[in-house]
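For reference, the structure is listed below as structure tokens.
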Amino acid sequence: MASKKFIELQDFSDEQLVSELDAVQTQYQKLKFDHTLKGLENPLALREVRRDIARLNTEIRKRQISSMTPEQLADRTKIRARRKK
């Protein structure tokens, strides 16, 4: 089952996804810095932010792949096949 956050990301535009990714990455850097200096009340917040970054990256990449032409998809398949060897 898809998470609530993932479903919300599907409604975002491409520009909103990129700006959200920048904001979340900035938040993650700040949390890491704060955790290093004084510790966080809830260190599991770092995990949640990392997962949010991964969700955003996944949605951005999914949209990139869906907008590829058939030729680009064929080249991508060749590259993936070469990596498996």
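Residue numbering restarts at 1 for every chain of the structure tokens, chains are lettered A, B, ... in their displayed order, and ligands are numbered from 1 as they appear.
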
Who sits within 7 Å of segment 7-23 of chain A, only C-alpha atoms, same chain under 4 positions skipped, as a ChimeraX atom specification: /A:2-3,27,53,56

If you keep C-alpha atoms, can you produce a file of those selected residues as a compact mmCIF listing (two decimals), in the first residue's frame?
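Okay, selection23.txt is ready:
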```txt
# COMPACT_ATOMS: atom_id res chain seq x y z
CA ALA A 2 1.31 3.42 -0.95
CA SER A 3 2.03 5.81 1.86
CA GLN A 27 16.18 20.51 6.44
CA ILE A 53 14.22 12.62 0.14
CA LEU A 56 10.97 12.75 -3.86
```

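Nearest residue to Arg47 of chain A, choosing from A:Arg82, A:Arg76, A:Lys4, A:Lys32 and counting only C-alpha atoms: A:Lys32.
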
For atom CA of Phe33 of chain A and atom CA of Thr58 of chain A, the interatomic separation in Å (one decimal):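 Pair atom CA of Phe33 of chain A / atom CA of Thr58 of chain A returns 25.3 Å.
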
Atomic separation - atom CA of Arg63 of chain A relative to atom CA of Phe6 of chain A, Å: 13.6 Å

Distance of atom CA of Lys78 of chain A from atom CA of Arg55 of chain A, expressed in Å to one decimal place: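 Value for the atom CA of Arg55 of chain A-atom CA of Lys78 of chain A distance: 26.0 Å.
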
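Distance check against Leu46 of chain A using only C-alpha atoms: of A:Ala81, A:Ile60, A:Ile65, A:Val24, the minimum falls on A:Val24.
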